[in-house]
>>> print(open('protein16.pdb').read())   # PDB, C-alpha atoms, pLDDT in the B column
ATOM      1  CA  MET A  15     -84.910 -66.556-147.903  1.00 90.00           C
ATOM      2  CA  ILE A  16     -87.188 -64.383-145.738  1.00 97.00           C
ATOM      3  CA  HIS A  17     -90.912 -64.461-146.561  1.00 98.00           C
ATOM      4  CA  PRO A  18     -92.336 -61.009-147.332  1.00 98.00           C
ATOM      5  CA  THR A  19     -94.973 -61.346-144.597  1.00 98.00           C
ATOM      6  CA  ALA A  20     -92.362 -61.943-141.876  1.00 98.00           C
ATOM      7  CA  ILE A  21     -91.551 -59.044-139.531  1.00 98.00           C
ATOM      8  CA  ILE A  22     -87.843 -58.679-138.728  1.00 98.00           C
ATOM      9  CA  GLU A  23     -87.274 -55.845-136.266  1.00 98.00           C
ATOM     10  CA  LYS A  24     -84.337 -53.535-136.790  1.00 98.00           C
ATOM     11  CA  GLY A  25     -81.315 -54.804-134.868  1.00 98.00           C
ATOM     12  CA  ALA A  26     -81.966 -58.518-135.327  1.00 98.00           C
ATOM     13  CA  LYS A  27     -78.957 -60.448-136.609  1.00 98.00           C
ATOM     14  CA  ILE A  28     -79.748 -63.041-139.265  1.00 98.00           C
ATOM     15  CA  GLY A  29     -77.002 -65.379-140.501  1.00 98.00           C
ATOM     16  CA  LYS A  30     -76.312 -66.707-143.971  1.00 98.00           C
ATOM     17  CA  ASN A  31     -78.800 -69.092-145.609  1.00 98.00           C
ATOM     18  CA  VAL A  32     -81.401 -68.585-142.872  1.00 98.00           C
ATOM     19  CA  VAL A  33     -84.970 -69.331-143.964  1.00 98.00           C
ATOM     20  CA  ILE A  34     -87.801 -67.473-142.212  1.00 98.00           C
ATOM     21  CA  GLY A  35     -91.330 -68.484-143.112  1.00 98.00           C
ATOM     22  CA  PRO A  36     -94.592 -66.582-143.449  1.00 98.00           C
ATOM     23  CA  HIS A  37     -95.962 -64.421-140.626  1.00 98.00           C
ATOM     24  CA  CYS A  38     -92.967 -64.838-138.300  1.00 98.00           C
ATOM     25  CA  VAL A  39     -91.992 -62.107-135.852  1.00 98.00           C
ATOM     26  CA  ILE A  40     -88.281 -61.774-135.014  1.00 98.00           C
ATOM     27  CA  GLY A  41     -87.378 -59.312-132.244  1.00 98.00           C
ATOM     28  CA  LYS A  42     -84.688 -56.656-132.328  1.00 98.00           C
ATOM     29  CA  ASP A  43     -82.381 -58.445-129.851  1.00 98.00           C
ATOM     30  CA  VAL A  44     -82.522 -61.827-131.565  1.00 98.00           C
ATOM     31  CA  GLU A  45     -79.577 -63.513-133.250  1.00 98.00           C
ATOM     32  CA  ILE A  46     -80.110 -66.501-135.582  1.00 98.00           C
ATOM     33  CA  GLY A  47     -77.114 -68.456-136.878  1.00 98.00           C
ATOM     34  CA  LYS A  48     -76.472 -69.653-140.396  1.00 98.00           C
ATOM     35  CA  ASP A  49     -78.431 -72.445-142.099  1.00 98.00           C
ATOM     36  CA  THR A  50     -81.279 -72.325-139.582  1.00 98.00           C
ATOM     37  CA  ALA A  51     -84.830 -72.693-140.909  1.00 98.00           C
ATOM     38  CA  VAL A  52     -87.746 -71.053-139.081  1.00 98.00           C
ATOM     39  CA  GLY A  53     -91.217 -72.275-140.035  1.00 98.00           C
ATOM     40  CA  PRO A  54     -94.361 -70.167-140.395  1.00 98.00           C
ATOM     41  CA  ASN A  55     -96.039 -68.250-137.556  1.00 98.00           C
ATOM     42  CA  CYS A  56     -93.054 -68.397-135.189  1.00 98.00           C
ATOM     43  CA  VAL A  57     -92.278 -65.705-132.615  1.00 98.00           C
ATOM     44  CA  ILE A  58     -88.663 -65.305-131.517  1.00 99.00           C
ATOM     45  CA  GLU A  59     -88.298 -62.441-129.068  1.00 98.00           C
ATOM     46  CA  GLY A  60     -86.366 -61.195-126.069  1.00 98.00           C
ATOM     47  CA  TRP A  61     -82.603 -61.505-125.811  1.00 98.00           C
ATOM     48  CA  THR A  62     -82.355 -64.765-127.719  1.00 98.00           C
ATOM     49  CA  LYS A  63     -79.396 -66.333-129.488  1.00 98.00           C
ATOM     50  CA  ILE A  64     -79.947 -69.351-131.748  1.00 99.00           C
ATOM     51  CA  GLY A  65     -77.048 -71.224-133.316  1.00 98.00           C
ATOM     52  CA  SER A  66     -76.615 -72.755-136.756  1.00 98.00           C
ATOM     53  CA  GLY A  67     -78.323 -75.630-138.535  1.00 98.00           C
ATOM     54  CA  ASN A  68     -81.482 -75.644-136.433  1.00 99.00           C
ATOM     55  CA  GLN A  69     -84.853 -76.774-137.793  1.00 98.00           C
ATOM     56  CA  ILE A  70     -87.665 -74.815-136.155  1.00 99.00           C
ATOM     57  CA  SER A  71     -91.186 -75.877-137.130  1.00 98.00           C
ATOM     58  CA  ALA A  72     -94.415 -73.891-137.276  1.00 98.00           C
ATOM     59  CA  SER A  73     -95.814 -71.831-134.392  1.00 98.00           C
ATOM     60  CA  VAL A  74     -92.802 -72.093-132.083  1.00 99.00           C
ATOM     61  CA  VAL A  75     -92.304 -69.351-129.474  1.00 98.00           C
ATOM     62  CA  ILE A  76     -88.765 -68.759-128.201  1.00 99.00           C
ATOM     63  CA  GLY A  77     -87.583 -66.087-125.784  1.00 98.00           C
ATOM     64  CA  GLY A  78     -90.951 -65.183-124.309  1.00 98.00           C
ATOM     65  CA  PRO A  79     -91.152 -63.865-120.737  1.00 98.00           C
ATOM     66  CA  PRO A  80     -91.134 -66.480-117.992  1.00 98.00           C
ATOM     67  CA  GLN A  81     -94.320 -67.634-116.296  1.00 97.00           C
ATOM     68  CA  ASP A  82     -93.127 -66.343-112.945  1.00 96.00           C
ATOM     69  CA  VAL A  83     -94.942 -63.662-110.931  1.00 94.00           C
ATOM     70  CA  LYS A  84     -91.587 -62.346-109.672  1.00 93.00           C
ATOM     71  CA  TYR A  85     -90.458 -61.424-113.183  1.00 96.00           C
ATOM     72  CA  LYS A  86     -90.393 -57.648-113.767  1.00 93.00           C
ATOM     73  CA  ASN A  87     -89.229 -57.406-117.377  1.00 92.00           C
ATOM     74  CA  PHE A  88     -85.576 -57.925-116.458  1.00 93.00           C
ATOM     75  CA  LYS A  89     -83.029 -58.396-119.206  1.00 97.00           C
ATOM     76  CA  SER A  90     -82.549 -62.156-119.316  1.00 98.00           C
ATOM     77  CA  PHE A  91     -81.592 -64.610-122.023  1.00 98.00           C
ATOM     78  CA  VAL A  92     -82.260 -67.730-124.069  1.00 98.00           C
ATOM     79  CA  GLU A  93     -79.350 -69.508-125.723  1.00 98.00           C
ATOM     80  CA  ILE A  94     -79.923 -72.390-128.130  1.00 99.00           C
ATOM     81  CA  GLY A  95     -77.041 -74.268-129.731  1.00 98.00           C
ATOM     82  CA  ASP A  96     -76.654 -75.963-133.100  1.00 99.00           C
ATOM     83  CA  ASN A  97     -78.486 -78.657-135.074  1.00 99.00           C
ATOM     84  CA  ASN A  98     -81.575 -78.908-132.896  1.00 99.00           C
ATOM     85  CA  ILE A  99     -84.958 -80.084-134.184  1.00 99.00           C
ATOM     86  CA  ILE A 100     -87.702 -78.008-132.572  1.00 99.00           C
ATOM     87  CA  ARG A 101     -91.169 -79.129-133.594  1.00 99.00           C
ATOM     88  CA  GLU A 102     -94.562 -77.452-133.668  1.00 98.00           C
ATOM     89  CA  PHE A 103     -95.784 -75.288-130.751  1.00 98.00           C
ATOM     90  CA  VAL A 104     -92.643 -75.683-128.629  1.00 99.00           C
ATOM     91  CA  THR A 105     -92.129 -72.851-126.121  1.00 99.00           C
ATOM     92  CA  VAL A 106     -88.796 -71.819-124.578  1.00 99.00           C
ATOM     93  CA  HIS A 107     -88.927 -69.007-122.003  1.00 98.00           C
ATOM     94  CA  ARG A 108     -86.127 -66.706-120.949  1.00 98.00           C
ATOM     95  CA  ALA A 109     -84.740 -66.667-117.405  1.00 98.00           C
ATOM     96  CA  ALA A 110     -86.684 -65.173-114.514  1.00 98.00           C
ATOM     97  CA  GLU A 111     -83.950 -62.975-113.041  1.00 96.00           C
ATOM     98  CA  GLU A 112     -81.733 -60.278-114.508  1.00 97.00           C
ATOM     99  CA  GLY A 113     -78.795 -61.709-116.416  1.00 98.00           C
ATOM    100  CA  GLY A 114     -79.998 -65.300-116.107  1.00 98.00           C
ATOM    101  CA  LYS A 115     -80.117 -67.781-118.971  1.00 98.00           C
ATOM    102  CA  THR A 116     -82.294 -70.563-120.249  1.00 98.00           C
ATOM    103  CA  ILE A 117     -80.002 -72.877-122.223  1.00 99.00           C
ATOM    104  CA  VAL A 118     -80.620 -75.606-124.790  1.00 99.00           C
ATOM    105  CA  GLY A 119     -77.491 -77.305-126.144  1.00 99.00           C
ATOM    106  CA  ASP A 120     -76.794 -79.065-129.442  1.00 99.00           C
ATOM    107  CA  GLY A 121     -78.481 -81.872-131.334  1.00 98.00           C
ATOM    108  CA  ASN A 122     -81.657 -82.099-129.285  1.00 99.00           C
ATOM    109  CA  MET A 123     -85.080 -83.127-130.558  1.00 98.00           C
ATOM    110  CA  LEU A 124     -87.941 -81.256-128.896  1.00 99.00           C
ATOM    111  CA  MET A 125     -91.167 -82.776-130.157  1.00 99.00           C
ATOM    112  CA  ALA A 126     -94.499 -80.970-130.478  1.00 98.00           C
ATOM    113  CA  TYR A 127     -95.810 -78.911-127.546  1.00 98.00           C
ATOM    114  CA  VAL A 128     -92.691 -79.318-125.388  1.00 99.00           C
ATOM    115  CA  HIS A 129     -92.306 -76.507-122.841  1.00 98.00           C
ATOM    116  CA  ILE A 130     -88.881 -75.426-121.567  1.00 99.00           C
ATOM    117  CA  ALA A 131     -89.451 -73.047-118.655  1.00 98.00           C
ATOM    118  CA  HIS A 132     -87.254 -70.269-117.301  1.00 98.00           C
ATOM    119  CA  ASN A 133     -83.694 -71.045-116.187  1.00 98.00           C
ATOM    120  CA  CYS A 134     -83.702 -74.615-117.498  1.00 98.00           C
ATOM    121  CA  HIS A 135     -80.399 -76.023-118.710  1.00 98.00           C
ATOM    122  CA  VAL A 136     -80.827 -78.744-121.327  1.00 99.00           C
ATOM    123  CA  GLY A 137     -77.689 -80.518-122.537  1.00 98.00           C
ATOM    124  CA  ASN A 138     -76.968 -82.253-125.836  1.00 98.00           C
ATOM    125  CA  GLU A 139     -78.590 -84.998-127.925  1.00 98.00           C
ATOM    126  CA  ASN A 140     -81.678 -85.322-125.754  1.00 98.00           C
ATOM    127  CA  ILE A 141     -85.022 -86.578-127.068  1.00 98.00           C
ATOM    128  CA  ILE A 142     -88.028 -84.965-125.400  1.00 99.00           C
ATOM    129  CA  ALA A 143     -91.328 -86.356-126.639  1.00 98.00           C
ATOM    130  CA  ASN A 144     -94.652 -84.635-127.204  1.00 98.00           C
ATOM    131  CA  LEU A 145     -96.330 -82.593-124.459  1.00 98.00           C
ATOM    132  CA  VAL A 146     -93.450 -82.827-121.976  1.00 98.00           C
ATOM    133  CA  GLY A 147     -93.203 -79.886-119.591  1.00 98.00           C
ATOM    134  CA  LEU A 148     -90.000 -78.801-117.852  1.00 98.00           C
ATOM    135  CA  SER A 149     -90.664 -76.493-114.912  1.00 98.00           C
ATOM    136  CA  GLY A 150     -88.227 -73.752-113.950  1.00 98.00           C
ATOM    137  CA  HIS A 151     -84.576 -74.455-113.117  1.00 98.00           C
ATOM    138  CA  VAL A 152     -84.602 -78.063-114.372  1.00 98.00           C
ATOM    139  CA  GLU A 153     -81.144 -79.398-115.277  1.00 98.00           C
ATOM    140  CA  MET A 154     -80.825 -82.074-117.964  1.00 98.00           C
ATOM    141  CA  GLU A 155     -77.515 -83.660-118.915  1.00 98.00           C
ATOM    142  CA  ASP A 156     -76.925 -85.397-122.272  1.00 98.00           C
ATOM    143  CA  GLN A 157     -78.522 -88.204-124.295  1.00 98.00           C
ATOM    144  CA  ILE A 158     -81.660 -88.447-122.151  1.00 98.00           C
ATOM    145  CA  THR A 159     -84.987 -89.744-123.453  1.00 98.00           C
ATOM    146  CA  ILE A 160     -88.242 -88.460-121.924  1.00 98.00           C
ATOM    147  CA  GLY A 161     -91.545 -90.079-122.872  1.00 98.00           C
ATOM    148  CA  GLY A 162     -94.585 -88.033-123.828  1.00 98.00           C
ATOM    149  CA  MET A 163     -96.889 -86.158-121.445  1.00 98.00           C
ATOM    150  CA  THR A 164     -94.319 -86.210-118.642  1.00 98.00           C
ATOM    151  CA  GLY A 165     -94.075 -83.392-116.118  1.00 98.00           C
ATOM    152  CA  ILE A 166     -90.724 -82.420-114.576  1.00 98.00           C
ATOM    153  CA  HIS A 167     -90.803 -80.651-111.190  1.00 98.00           C
ATOM    154  CA  GLN A 168     -88.885 -77.398-110.790  1.00 98.00           C
ATOM    155  CA  PHE A 169     -85.226 -77.758-109.738  1.00 98.00           C
ATOM    156  CA  ALA A 170     -85.133 -81.453-110.704  1.00 98.00           C
ATOM    157  CA  LYS A 171     -81.887 -82.867-112.118  1.00 98.00           C
ATOM    158  CA  ILE A 172     -81.840 -85.586-114.764  1.00 98.00           C
ATOM    159  CA  GLY A 173     -78.622 -87.490-115.360  1.00 98.00           C
ATOM    160  CA  LYS A 174     -77.198 -88.456-118.721  1.00 98.00           C
ATOM    161  CA  MET A 175     -78.467 -91.450-120.692  1.00 98.00           C
ATOM    162  CA  ALA A 176     -81.493 -91.776-118.400  1.00 98.00           C
ATOM    163  CA  MET A 177     -84.841 -92.956-119.741  1.00 98.00           C
ATOM    164  CA  ILE A 178     -88.111 -91.576-118.333  1.00 98.00           C
ATOM    165  CA  GLY A 179     -91.304 -93.392-119.271  1.00 98.00           C
ATOM    166  CA  GLY A 180     -94.237 -91.497-120.721  1.00 98.00           C
ATOM    167  CA  TYR A 181     -96.894 -89.877-118.542  1.00 98.00           C
ATOM    168  CA  SER A 182     -94.549 -89.810-115.550  1.00 98.00           C
ATOM    169  CA  LYS A 183     -94.471 -87.361-112.648  1.00 98.00           C
ATOM    170  CA  VAL A 184     -90.809 -86.507-112.015  1.00 98.00           C
ATOM    171  CA  ALA A 185     -90.624 -84.925-108.557  1.00 98.00           C
ATOM    172  CA  LYS A 186     -87.119 -86.137-107.641  1.00 98.00           C
ATOM    173  CA  ASP A 187     -83.711 -86.276-109.316  1.00 98.00           C
ATOM    174  CA  VAL A 188     -83.210 -89.042-111.879  1.00 98.00           C
ATOM    175  CA  PRO A 189     -79.734 -90.647-111.712  1.00 98.00           C
ATOM    176  CA  PRO A 190     -77.583 -91.042-114.826  1.00 98.00           C
ATOM    177  CA  PHE A 191     -77.962 -94.320-116.751  1.00 98.00           C
ATOM    178  CA  SER A 192     -81.257 -95.164-115.015  1.00 98.00           C
ATOM    179  CA  ILE A 193     -84.752 -96.022-116.188  1.00 98.00           C
ATOM    180  CA  VAL A 194     -87.678 -94.544-114.255  1.00 98.00           C
ATOM    181  CA  ASP A 195     -91.424 -94.453-114.724  1.00 98.00           C
ATOM    182  CA  GLY A 196     -94.700 -93.798-113.002  1.00 97.00           C
ATOM    183  CA  GLN A 197     -96.761 -91.525-110.766  1.00 95.00           C
ATOM    184  CA  PRO A 198     -95.038 -91.104-108.389  1.00 91.00           C
ATOM    185  CA  ILE A 199     -91.774 -91.784-110.177  1.00 96.00           C
ATOM    186  CA  LYS A 200     -90.114 -95.132-109.440  1.00 97.00           C
ATOM    187  CA  LEU A 201     -86.569 -96.309-110.148  1.00 98.00           C
ATOM    188  CA  TYR A 202     -86.476 -99.577-112.099  1.00 97.00           C
ATOM    189  CA  GLY A 203     -82.713 -99.966-112.577  1.00 96.00           C
ATOM    190  CA  THR A 204     -80.357 -99.226-115.441  1.00 97.00           C
ATOM    191  CA  ASN A 205     -81.332 -98.062-118.886  1.00 97.00           C
ATOM    192  CA  TYR A 206     -79.509-101.149-120.152  1.00 96.00           C
ATOM    193  CA  ARG A 207     -80.796-101.160-123.742  1.00 94.00           C
ATOM    194  CA  GLY A 208     -80.371 -97.417-124.059  1.00 96.00           C
ATOM    195  CA  LEU A 209     -76.755 -97.663-122.927  1.00 97.00           C
ATOM    196  CA  ARG A 210     -76.148-100.371-125.518  1.00 96.00           C
ATOM    197  CA  ARG A 211     -77.701 -98.241-128.270  1.00 94.00           C
ATOM    198  CA  ARG A 212     -75.376 -95.409-127.246  1.00 93.00           C
ATOM    199  CA  GLY A 213     -72.387 -97.697-127.810  1.00 95.00           C
ATOM    200  CA  MET A 214     -71.473 -98.520-124.204  1.00 96.00           C
ATOM    201  CA  ASP A 215     -69.652-101.875-123.968  1.00 95.00           C
ATOM    202  CA  GLN A 216     -71.151-104.788-122.077  1.00 96.00           C
ATOM    203  CA  GLN A 217     -68.627-104.842-119.241  1.00 96.00           C
ATOM    204  CA  LEU A 218     -69.317-101.207-118.364  1.00 97.00           C
ATOM    205  CA  ARG A 219     -73.070-101.765-118.658  1.00 97.00           C
ATOM    206  CA  ASN A 220     -72.778-104.668-116.226  1.00 97.00           C
ATOM    207  CA  GLU A 221     -70.727-102.582-113.776  1.00 97.00           C
ATOM    208  CA  ILE A 222     -73.369 -99.855-113.841  1.00 98.00           C
ATOM    209  CA  LYS A 223     -76.081-102.484-113.399  1.00 97.00           C
ATOM    210  CA  GLN A 224     -74.271-103.782-110.298  1.00 97.00           C
ATOM    211  CA  ALA A 225     -73.981-100.228-108.939  1.00 98.00           C
ATOM    212  CA  PHE A 226     -77.724 -99.787-109.225  1.00 97.00           C
ATOM    213  CA  LYS A 227     -78.318-102.917-107.183  1.00 97.00           C
ATOM    214  CA  TYR A 228     -76.640-101.118-104.277  1.00 97.00           C
ATOM    215  CA  ILE A 229     -78.468 -97.855-105.003  1.00 97.00           C
ATOM    216  CA  MET A 230     -81.835 -99.631-105.022  1.00 96.00           C
ATOM    217  CA  ASP A 231     -81.165-101.704-101.899  1.00 97.00           C
ATOM    218  CA  PRO A 232     -83.773-100.502 -99.348  1.00 95.00           C
ATOM    219  CA  LYS A 233     -81.376-101.336 -96.509  1.00 95.00           C
ATOM    220  CA  MET A 234     -78.837 -98.756 -97.703  1.00 96.00           C
ATOM    221  CA  ASN A 235     -78.914 -94.988 -97.847  1.00 95.00           C
ATOM    222  CA  ILE A 236     -77.083 -93.130-100.620  1.00 95.00           C
ATOM    223  CA  THR A 237     -73.853 -92.789 -98.633  1.00 96.00           C
ATOM    224  CA  GLN A 238     -73.760 -96.496 -97.872  1.00 97.00           C
ATOM    225  CA  ALA A 239     -74.508 -97.381-101.493  1.00 97.00           C
ATOM    226  CA  ILE A 240     -71.661 -95.168-102.712  1.00 97.00           C
ATOM    227  CA  GLU A 241     -69.226 -96.800-100.287  1.00 97.00           C
ATOM    228  CA  ARG A 242     -70.282-100.253-101.470  1.00 97.00           C
ATOM    229  CA  ILE A 243     -69.854 -99.196-105.117  1.00 97.00           C
ATOM    230  CA  LYS A 244     -66.345 -97.865-104.434  1.00 97.00           C
ATOM    231  CA  LYS A 245     -65.385-101.027-102.578  1.00 97.00           C
ATOM    232  CA  ASN A 246     -66.685-103.627-105.029  1.00 97.00           C
ATOM    233  CA  ILE A 247     -66.678-102.112-108.536  1.00 96.00           C
ATOM    234  CA  LYS A 248     -63.925-100.689-110.723  1.00 92.00           C
ATOM    235  CA  ILE A 249     -64.459 -96.914-110.805  1.00 95.00           C
ATOM    236  CA  GLY A 250     -64.077 -95.434-114.269  1.00 95.00           C
ATOM    237  CA  LYS A 251     -65.266 -92.063-115.521  1.00 96.00           C
ATOM    238  CA  GLU A 252     -68.884 -93.169-115.923  1.00 97.00           C
ATOM    239  CA  LEU A 253     -69.175 -94.424-112.361  1.00 97.00           C
ATOM    240  CA  GLN A 254     -67.321 -91.342-111.150  1.00 98.00           C
ATOM    241  CA  HIS A 255     -70.000 -89.279-112.849  1.00 98.00           C
ATOM    242  CA  LEU A 256     -72.760 -91.350-111.258  1.00 98.00           C
ATOM    243  CA  ILE A 257     -71.220 -91.000-107.791  1.00 98.00           C
ATOM    244  CA  LYS A 258     -70.813 -87.226-108.191  1.00 98.00           C
ATOM    245  CA  PHE A 259     -74.463 -86.930-109.227  1.00 98.00           C
ATOM    246  CA  LEU A 260     -75.598 -88.941-106.193  1.00 98.00           C
ATOM    247  CA  LYS A 261     -73.493 -86.780-103.875  1.00 97.00           C
ATOM    248  CA  THR A 262     -74.918 -83.492-105.177  1.00 97.00           C
ATOM    249  CA  PRO A 263     -78.685 -83.873-105.398  1.00 97.00           C
ATOM    250  CA  SER A 264     -81.097 -81.013-105.750  1.00 98.00           C
ATOM    251  CA  ARG A 265     -83.412 -80.028-102.933  1.00 96.00           C
ATOM    252  CA  LEU A 266     -85.793 -82.744-104.181  1.00 98.00           C
ATOM    253  CA  GLY A 267     -83.536 -85.727-103.412  1.00 97.00           C
ATOM    254  CA  ILE A 268     -82.847 -88.855-105.469  1.00 97.00           C
ATOM    255  CA  VAL A 269     -85.677 -91.007-106.830  1.00 97.00           C
ATOM    256  CA  GLY A 270     -85.879 -94.263-104.875  1.00 87.00           C
ATOM    257  CA  LYS A 271     -84.272 -92.791-101.740  1.00 86.00           C
TER     258      LYS A 271
END
>>> encode(input="protein16.pdb", output="structure tokens")
Amino acid sequence: MIHPTAIIEKGAKIGKNVVIGPHCVIGKDVEIGKDTAVGPNCVIEGWTKIGSGNQISASVVIGGPPQDVKYKNFKSFVEIGDNNIIREFVTVHRAAEEGGKTIVGDGNMLMAYVHIAHNCHVGNENIIANLVGLSGHVEMEDQITIGGMTGIHQFAKIGKMAMIGGYSKVAKDVPPFSIVDGQPIKLYGTNYRGLRRRGMDQQLRNEIKQAFKYIMDPKMNITQAIERIKKNIKIGKELQHLIKFLKTPSRLGIVGK
């Protein structure tokens, strides 16, 4: 299942039923799980662990050194989970400090030319469209959709089930369940259709929609909005998650506030 022109360095661990295409280079500290397919001209290097059932298209580079002037060839890692679709020319860089990790979870689709920079943590079942760039230390939760040609500022946090419109400049945290767009980024409310597609019932969608009315009220700061949410809306696990996210922003702050 390994093309004769591929270079597999001694020490690499290759699982059962792995396919490796022509002219690939697989480094000595790389581990690739079973049933993963690696297309032609890929480079997988560094201390990289890739799970099972992944589809990796042509000319992908995983585990390369970070684009950080402070990096001095430390031992750092990339970990990629299972059943991801990684399309052409995607790049995933290892962490910028010794022992650090860049992490991509399970079931994600990374479309062509996506860049995942050092120390990013990407959750599960996210869809990241063509030419999206994640700067260092970005944190993405689960089931997020990011439109093409969007840039994500370093240290930004993106909450689960959020939708980011294409060609956006994301320089603040994006709350869970929200829809944002623009340059600069603007909060437009809940990702109502996306929540429905993910199977969320109407009552919960309406409760989240009401919560965002408080969050978007220009007369309220985040603390006041949270107090109003707690007072007027039934707090289940989804709203608990939203409140926790709002209480623990990154250094960039919350979009819309």
>>> closest_atom_pairs(input="protein16.pdb", of="stretch 99-210 of chain A", to="stretch 49-71 of chain A", cutoff="10 Å", atoms="all atoms listed in the file", output="Markdown table")
| residue | atom | partner | partner_atom | distance |
| --- | --- | --- | --- | --- |
| A:Ile99 | CA | A:Gln69 | CA | 4.9 |
| A:Ile100 | CA | A:Ile70 | CA | 4.8 |
| A:Arg101 | CA | A:Ser71 | CA | 4.8 |
| A:Glu102 | CA | A:Ser71 | CA | 5.1 |
| A:Phe103 | CA | A:Ser71 | CA | 7.9 |
| A:Val104 | CA | A:Ser71 | CA | 8.6 |
| A:Thr105 | CA | A:Val57 | CA | 9.7 |
| A:Val106 | CA | A:Ile58 | CA | 9.5 |
| A:His107 | CA | A:Gly60 | CA | 9.2 |
| A:Arg108 | CA | A:Gly60 | CA | 7.5 |
| A:Lys115 | CA | A:Thr62 | CA | 9.5 |
| A:Thr116 | CA | A:Thr62 | CA | 9.5 |
| A:Ile117 | CA | A:Lys63 | CA | 9.8 |
| A:Val118 | CA | A:Ile64 | CA | 9.4 |
| A:Gly119 | CA | A:Gly65 | CA | 9.4 |
| A:Asp120 | CA | A:Gly65 | CA | 8.7 |
| A:Gly121 | CA | A:Asn68 | CA | 8.6 |
| A:Asn122 | CA | A:Asn68 | CA | 9.6 |
| A:Met123 | CA | A:Gln69 | CA | 9.6 |
| A:Leu124 | CA | A:Ile70 | CA | 9.7 |
| A:Met125 | CA | A:Ser71 | CA | 9.8 |
| A:Ala126 | CA | A:Ser71 | CA | 9.0 |
>>> resolve_selection(input="protein16.pdb", expression="the PyMOL selection byres ((chain A and resi 257) around 10)", output="list in words")
Pro189, Pro190, Ala225, Ile236, Thr237, Ala239, Ile240, Glu241, Ile243, Lys244, Ile249, Lys251, Glu252, Leu253, Gln254, His255, Leu256, Lys258, Phe259, Leu260, Lys261 and Thr262 of chain A
>>> closest_residue(input="protein16.pdb", among="A:Lys86, A:Pro232, A:Gly47, A:His167", to="A:Lys30", atoms="only C-alpha atoms")
A:Gly47
>>> closest_residue(input="protein16.pdb", among="A:Thr159, A:Ile178, A:Ile193, A:Gly165", to="A:His129", atoms="all atoms listed in the file")
A:Gly165
>>> atom_distance(input="protein16.pdb", atom1="atom CA of A:His37", atom2="atom CA of A:Ala20")
4.5 Å
>>> atom_distance(input="protein16.pdb", atom1="atom CA of A:Val39", atom2="atom CA of A:Glu153")
29.0 Å
>>> closest_residue(input="protein16.pdb", among="A:Gly203, A:Gly267, A:Gly78, A:Gly213", to="A:Ile229", atoms="all atoms listed in the file")
A:Gly203
>>> atom_distance(input="protein16.pdb", atom1="atom CA of A:Gln238", atom2="atom CA of A:Gly173")
20.3 Å
>>> closest_atom_pairs(input="protein16.pdb", of="stretch 64-109 of chain A", to="stretch 133-152 of chain A", cutoff="9 Å", atoms="only C-alpha atoms", output="Markdown table")
| residue | atom | partner | partner_atom | distance |
| --- | --- | --- | --- | --- |
| A:Pro80 | CA | A:Gly150 | CA | 8.8 |
| A:Gln81 | CA | A:Gly150 | CA | 8.9 |
| A:Asp82 | CA | A:Gly150 | CA | 8.9 |
| A:Phe91 | CA | A:Asn133 | CA | 8.9 |
| A:Val92 | CA | A:Asn133 | CA | 8.7 |
| A:Gly95 | CA | A:Asn138 | CA | 8.9 |
| A:Asn98 | CA | A:Glu139 | CA | 8.4 |
| A:Val104 | CA | A:Leu145 | CA | 8.9 |
| A:His107 | CA | A:Asn133 | CA | 8.1 |
| A:Arg108 | CA | A:Asn133 | CA | 6.9 |
| A:Ala109 | CA | A:Asn133 | CA | 4.7 |
>>> closest_residue(input="protein16.pdb", among="A:Ile199, A:Arg207, A:Arg212, A:Lys227", to="A:Gly270", atoms="all atoms listed in the file")
A:Ile199
>>> closest_residue(input="protein16.pdb", among="A:Ile21, A:Ala170, A:Ile247, A:Ala131", to="A:Arg219", atoms="only C-alpha atoms")
A:Ile247
>>> residues_around(input="protein16.pdb", residues="A:Gly179", least_positions_apart="4", cutoff="12 Å", atoms="all atoms listed in the file", output="list of chain:residue names")
A:Ile142, A:Ala143, A:Val146, A:Ile158, A:Thr159, A:Ile160, A:Gly161, A:Gly162, A:Met163, A:Thr164, A:Gly165, A:Ile166, A:Lys183, A:Val184, A:Val188, A:Ser192, A:Ile193, A:Val194, A:Asp195, A:Gly196, A:Gln197, A:Pro198, A:Ile199, A:Lys200, A:Leu201, A:Tyr202, A:Asn205
>>> closest_residue(input="protein16.pdb", among="A:Leu209, A:Ile268, A:Ile94, A:Ile130", to="A:Asn235", atoms="only C-alpha atoms")
A:Ile268
>>> resolve_selection(input="protein16.pdb", expression="the PyMOL selection byres ((chain A and resi 29) around 7)", output="list in words")
Lys27, Ile28, Lys30, Asn31, Val32, Ile46, Gly47 and Lys48 of chain A
>>> resolve_selection(input="protein16.pdb", expression="the PyMOL selection byres ((chain A and resi 26) around 8)", output="list in words")
Ile22, Glu23, Lys24, Gly25, Lys27, Ile28, Ile40, Gly41, Lys42, Asp43, Val44 and Glu45 of chain A
>>> axis_aligned_box(input="protein16.pdb", around="stretch 252-255 of chain A", padding_each_side="8 Å", output="lines of an AutoDock Vina configuration file")
center_x = -68.7
center_y = -91.9
center_z = -113.5
size_x = 18.7
size_y = 21.1
size_z = 20.8
